[in-house]
Amino acid sequence: MDAELLRARVEAVRANLAAASQGRYPAPKMIAVTKTHPAEMILPLRGMGVEDIGENRVQEIEEKLPALKENFRIHLIGRLQSNKVKYIIENVCLIQSLDRLSLAAEIDRQAQKHLCVMPVLVQVSPAGEPQKGGLPPEDVRAFLREAARMPGLRVRGLMAVMPLSQDEAYLSGLFADMRTLFERLREEAIDGVEMEELSMGMSGDYMLAARHGATMVRVGSALFGPRG
Ligand SMILES: *Cc1c(COP(=O)(O)O)cnc(C)c1O
């Protein structure tokens, strides 16, 4: 893919985020989702001021790591198997897809072993789609209390994957629900939990997410085109 086209798309997403954030909330940070794309397609992003990229597979992170690690902060955004935590614990800046206690325990164990503290987001399923991963909203509070007790974890906020839908009113409602949950939990000030980040919105709905107070959006195909 042509770097000039990529630059134009990066700038378009930034402009759209700024426009969508004219209201109540500051513009969210764009995480460029680079899964399935080779390192040489990703590297030009660095010259465009993009510092944060999202990947969803451990093996792919390992393969691309030599080319990417000096240039980007890598966010893990996909479902993570506990037995793979050890391969990424030192290489990602944020695990966005923490959705079960067994995984939290393994991240905690590996972080302590590597003498680090792993920043995480707790993944919520706003529409109750367990196959996509994510906790039901009503289970999040109890989960946060457990995770906050683990010294190897630093809970930074929430992440959500919305259902595939073109129904703007329906999606708006879910984004608004997520923002409400986020703010309510922040007000509760649970010991050991930082409620600073709300990662929601992808290529099809990032402007809606920005309008509803996302702090990060995860954008892939709007930058790189549809995945093959
Ligand atoms: C692939 C992926 C994205 C980006 O999707 P696009 O529609 O290409 O922007 C965002 N979040 C997660 C969890 C993903 O797996």
# chains A, B, ... in the order shown; residues from 1 in each chain; ligands from 1

call {"tool": "closest_atom_pairs", "arguments": {"of": "chain A", "to": "ligand 1", "cutoff": "10 Å", "atoms": "only C-alpha atoms and all ligand atoms", "output": "CSV"}}
result
residue,atom,partner,partner_atom_place_in_ligand_line,distance
A:Ile31,CA,ligand 1,10 (C),8.7
A:Ala32,CA,ligand 1,4 (C),8.0
A:Val33,CA,ligand 1,4 (C),5.5
A:Thr34,CA,ligand 1,1 (C),8.2
A:Lys35,CA,ligand 1,1 (C),6.9
A:Thr36,CA,ligand 1,1 (C),9.2
A:Gly54,CA,ligand 1,10 (C),7.7
A:Glu55,CA,ligand 1,15 (O),7.6
A:Asn56,CA,ligand 1,15 (O),5.9
A:Arg57,CA,ligand 1,15 (O),9.2
A:Leu76,CA,ligand 1,13 (C),8.5
A:Ile77,CA,ligand 1,13 (C),4.8
A:Gly78,CA,ligand 1,13 (C),5.2
A:Arg79,CA,ligand 1,13 (C),8.1
A:Gln96,CA,ligand 1,13 (C),8.3
A:Ser97,CA,ligand 1,13 (C),7.8
A:Gln123,CA,ligand 1,13 (C),9.6
A:Lys132,CA,ligand 1,13 (C),8.9
A:Gly133,CA,ligand 1,13 (C),9.5
A:Met159,CA,ligand 1,13 (C),8.8
A:Ala160,CA,ligand 1,13 (C),8.0
A:Val161,CA,ligand 1,13 (C),6.1
A:Met162,CA,ligand 1,11 (N),9.1
A:Leu164,CA,ligand 1,7 (O),9.6
A:Ser199,CA,ligand 1,11 (N),9.0
A:Met200,CA,ligand 1,11 (N),7.9
A:Gly201,CA,ligand 1,10 (C),7.3
A:Met202,CA,ligand 1,9 (O),4.2
A:Ser203,CA,ligand 1,9 (O),3.6
A:Gly204,CA,ligand 1,7 (O),6.0
A:Asp205,CA,ligand 1,7 (O),8.4
A:Tyr206,CA,ligand 1,9 (O),8.3
A:Val217,CA,ligand 1,10 (C),7.8
A:Arg218,CA,ligand 1,10 (C),4.7
A:Val219,CA,ligand 1,9 (O),3.7
A:Gly220,CA,ligand 1,8 (O),3.5
A:Ser221,CA,ligand 1,8 (O),3.7
A:Ala222,CA,ligand 1,9 (O),6.0
A:Leu223,CA,ligand 1,9 (O),7.9
A:Phe224,CA,ligand 1,8 (O),8.1
A:Gly225,CA,ligand 1,8 (O),7.9
A:Pro226,CA,ligand 1,8 (O),6.9
A:Arg227,CA,ligand 1,8 (O),7.4

call {"tool": "select_by_dssp", "arguments": {"residues": "stretch 32-65 of chain A", "states": "strand (DSSP E or B)", "output": "NGL selection string"}}
result
:A and (32-33 or 52-55)

call {"tool": "write_last_selection", "arguments": {"atoms": "N, CA, C and O atoms", "output": "compact mmCIF listing (two decimals), in the first residue's frame"}}
result
# COMPACT_ATOMS: atom_id res chain seq x y z
N ALA A 32 -3.73 2.42 15.94
CA ALA A 32 -3.77 1.87 14.57
C ALA A 32 -3.70 0.35 14.65
O ALA A 32 -2.72 -0.21 15.14
N VAL A 33 -4.76 -0.30 14.21
CA VAL A 33 -4.81 -1.77 14.31
C VAL A 33 -4.11 -2.36 13.08
O VAL A 33 -4.57 -2.23 11.95
N ASP A 52 1.06 4.27 18.69
CA ASP A 52 0.36 3.15 19.32
C ASP A 52 -0.27 2.28 18.25
O ASP A 52 -1.05 2.76 17.43
N ILE A 53 0.04 0.98 18.30
CA ILE A 53 -0.57 0.05 17.35
C ILE A 53 -1.24 -1.10 18.11
O ILE A 53 -0.84 -1.44 19.23
N GLY A 54 -2.25 -1.69 17.48
CA GLY A 54 -2.98 -2.80 18.09
C GLY A 54 -2.79 -4.07 17.29
O GLY A 54 -2.88 -4.06 16.06
N GLU A 55 -2.50 -5.16 18.00
CA GLU A 55 -2.35 -6.47 17.37
C GLU A 55 -3.20 -7.45 18.17
O GLU A 55 -3.39 -7.29 19.38

call {"tool": "residues_around", "arguments": {"residues": "A:Leu65", "least_positions_apart": "4", "cutoff": "12 Å", "atoms": "only C-alpha atoms", "output": "ChimeraX atom specification"}}
result
/A:38-39,42-43,53,55,57-61,69-74,87-88,90-92

call {"tool": "select_by_dssp", "arguments": {"residues": "stretch 44-199 of chain A", "states": "alpha helix (DSSP H)", "output": "count of residues only"}}
result
58

call {"tool": "residues_around", "arguments": {"residues": "A:Leu94", "least_positions_apart": "6", "cutoff": "6 Å", "atoms": "only C-alpha atoms", "output": "PyMOL selection string"}}
result
chain A and resi 75+119-120

call {"tool": "residues_around", "arguments": {"residues": "stretch 145-158 of chain A", "least_positions_apart": "3", "cutoff": "6 Å", "atoms": "only C-alpha atoms", "output": "ChimeraX atom specification"}}
result
/A:108,111-112,117-123,142,192-198
